[in-house]
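Novice: First, the structure itself, so that you have it in front of you.
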Amino acid sequence: MSRTRRFIGGLSFGYLNQFTVTVAGLWLTPFLLHRVGQSDYGLWLVGTQLMAYLMLCDFGIVALLPRETAHATGRRLAAAGGEGVGAGEEDELPLLVGQTARLVLWQMPFVVSAAVLFWFLMPSEWEPLRRPFGFVLLAMVACFPLRVFQAVLQGLQDLEFLAKANLGTWLLSTALTVALVIAGFGLYALAAGWVMAQVLATLVAVVRARRRFPEVLPARLPKLSWAEARTKLGSGFWASVSQVAVVLLVGTDMLVVGRVLGPEAVVVYACTYKLALVLANQPQLLLLSALPGLSELRAGASREHLSGVCAALNQAMLLLSGAVVCVVLAVNRGFVAWWVGAEQYGGFLLTCLVLLNMLLRHWNLTMGIIMFSLGHEKRLALTGLLDGVVTVGAGIILTLLIGPAGAPLGSVIGLCAVSLPGNMSALSGARAVRVPELLRSLAPWFWRFAALACACGLLAQRFVPATFPALAATVVVVACVYAALMLPVALRDPLGSYIRPRLPSFGKRLFRAARLMGPA
């Protein structure tokens with residue numbers, strides 16, 4: 001199966017997964033608010049964000065494994081020339097996986113110590129969360145070394161299976177959560193659902209890797225010298241720094257709001273940006289699905305081919321992200337009021353800042369994924385860390401001054417001051433993408449997007465859809481107008497070279513579906 005077909009298969013089921021989670025989440029959040037209570041639910045949201053800090057204990061080793069697996073696969077295919085695989089290339093993947101697994105096992109004492117320390121240092125006002133979160137920490141420690149299998153599957157681009165597995169485990173864990181909440185277990189129900197999701201996803205990945213790809217798994221763990229471990233830790237260090245930066249950027253806003261304004265304000269903040277967060281996952285899924293393929297291309301593709309792929313990804317990312325901005329601007333106030341009540345809406349300013357931050361972060365994420373796939377993790381890590389420090393500092397000050405809207409505004413300041421100029425400069429230096437040409441190629445998208453976004457903002461001030469039919473109709477109208485405006489942009493190269501050849505087959509499938517749904 002080609003890289004493009006693996007990518008499309010994983011992306012399709014990934015979007016199905018996101019759609020299911022979104023629809024179920026629309027019901028789940030008000031259900032939990034009513035049954036668990038706003039204060040306890042706010043504590044749970046803050047606690048789950050803190051889990052991101054504990055996952056940093058792997059020092060970036062597992063985070064690098066998908067890229068290195070894909071890169072090794074690309075080297076193997078390039079060396080074989082499509083005619084077979086030599087013994088040296090066959091041995092590279094099991095050695096890579098085995099050495100990574102051994103290094104992860106060496107890290108387990110640090111993981112256990114961090115989990116115990118975190119549990120004992122929980123503040124006294126979080127006492128209702130302490131015991132339920134103890135089960136979460138135990139599950140995290142138990143599953144920590146087995147994350148290697150999920151990383152290997154991602155690197156081998158078994159994306160369709162991973163998407164199906166994620167959907168199945170989410171459905172089962174959600175059903176368990178709902179049943180236990182109804183039975184009156186409160187925060188213990190949320191903890192049990194989280195534990196079940198993690199354990200099931202891990203076990204499924206282990207079984208899949210052993211049955212489908214046994215040739216990439218070592219028969220036993222190879223020896224790992226200190227020199228080899230130091231080399232891996234050196235590469236992983238910068239990936240770990242990048243993970244710290246990511247946690248500061250996307251895993252601290254609710255902590256800041258909760259610490260400054262209290263757990264009840266966290267719920268208002270989370271409900272206001274919930275729709276943007278859910279829809280923002282769609283463009284992000286596009287990039288994460290493309291990362292293994294980019295890493296594989298790095299091993300054998302020409303610089304011109306790689307540059308074209310990167311520019312197409314950037315174009316696709318902004319097209320999708322712009323659609324999210326326009327839709328959420330038009331409906332967010334009415335959506336929050338219909339979903340959980342008007343008292344949980346944080347205001348138009350908060351909505352605008354959340355969406356601006358999302359759009360700019362998507363653009364920056366595109367450049368970051370390209371840099372990571374090309375091996376520039378050191379530059380990416382330092383830039384991201386500085387961005388994170390500025391974001392958190394500015395977010396704390398602005399939240400004290402203007403309330404919840406200060407958290408996304410601080411992120412916008414960090415991004416514009418640090419990451420965007422830094423990553424553009426790095427891409428230009430790496431000659432992966434010509435930045436002036438990249439900016440010029442975005443002009444047709446930008447003026448169309450800016451005009452429609454302003455129109456949606458004005459619409460939101462004059463018209464608030466209050467019922468589900470009104471919300472659905474508004475979404476359909478805005479999406480159709482956006483699609484009509486952006487279709488000429490999508491059909492332009494470089495993205496158009498991937499879309500145009502697939503339009504005839506897509507049209508045929510659409511016609512067949514219409515005939516099946518039509519009258520007999």
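We label chains A, B, ... in the order they appear in the structure tokens, count residues from 1 in each chain, and number ligands from 1 in the order shown.
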Name the residues in contact with Phe133 (chain A) at a cut-off of 9 Å, using only C-alpha atoms, excluding same-chain residues fewer than 5 positions from it; report them as a ChimeraX atom specification.

Specialist: /A:44,47,119,138,187-188,191

Novice: Got time to write the residues from that selection, N, CA, C and O atoms, as a compact mmCIF listing (two decimals), in the first residue's frame?

Specialist:
```txt
# COMPACT_ATOMS: atom_id res chain seq x y z
N TRP A 44 -11.22 17.73 37.90
CA TRP A 44 -10.82 16.65 37.00
C TRP A 44 -10.15 17.20 35.74
O TRP A 44 -9.14 16.66 35.28
N GLY A 47 -6.69 18.19 36.73
CA GLY A 47 -5.85 17.02 36.99
C GLY A 47 -5.41 16.32 35.73
O GLY A 47 -4.25 15.88 35.62
N TRP A 119 1.48 12.57 43.74
CA TRP A 119 0.34 12.22 44.56
C TRP A 119 0.43 12.84 45.95
O TRP A 119 -0.54 13.37 46.48
N LEU A 138 -1.49 4.92 38.94
CA LEU A 138 -1.09 3.50 38.86
C LEU A 138 -1.18 2.99 37.43
O LEU A 138 -0.29 2.28 36.94
N LEU A 187 -16.09 11.15 40.96
CA LEU A 187 -14.76 11.22 40.37
C LEU A 187 -14.13 9.85 40.15
O LEU A 187 -13.30 9.68 39.25
N TYR A 188 -14.53 8.87 40.94
CA TYR A 188 -14.01 7.51 40.72
C TYR A 188 -14.47 6.98 39.36
O TYR A 188 -13.76 6.20 38.72
N ALA A 191 -12.17 8.43 36.75
CA ALA A 191 -10.87 7.77 36.83
C ALA A 191 -10.93 6.37 36.22
O ALA A 191 -10.03 5.95 35.48
```

Novice: Please give the complete set of residues from region 14-228 of chain A that DSSP, run on the backbone, assigns to alpha helix (DSSP H), formatted as a PyMOL selection string.

Specialist: chain A and resi 14-36+38-54+61-80+87-106+108-120+127-143+147-155+159-182+187-212+226-228
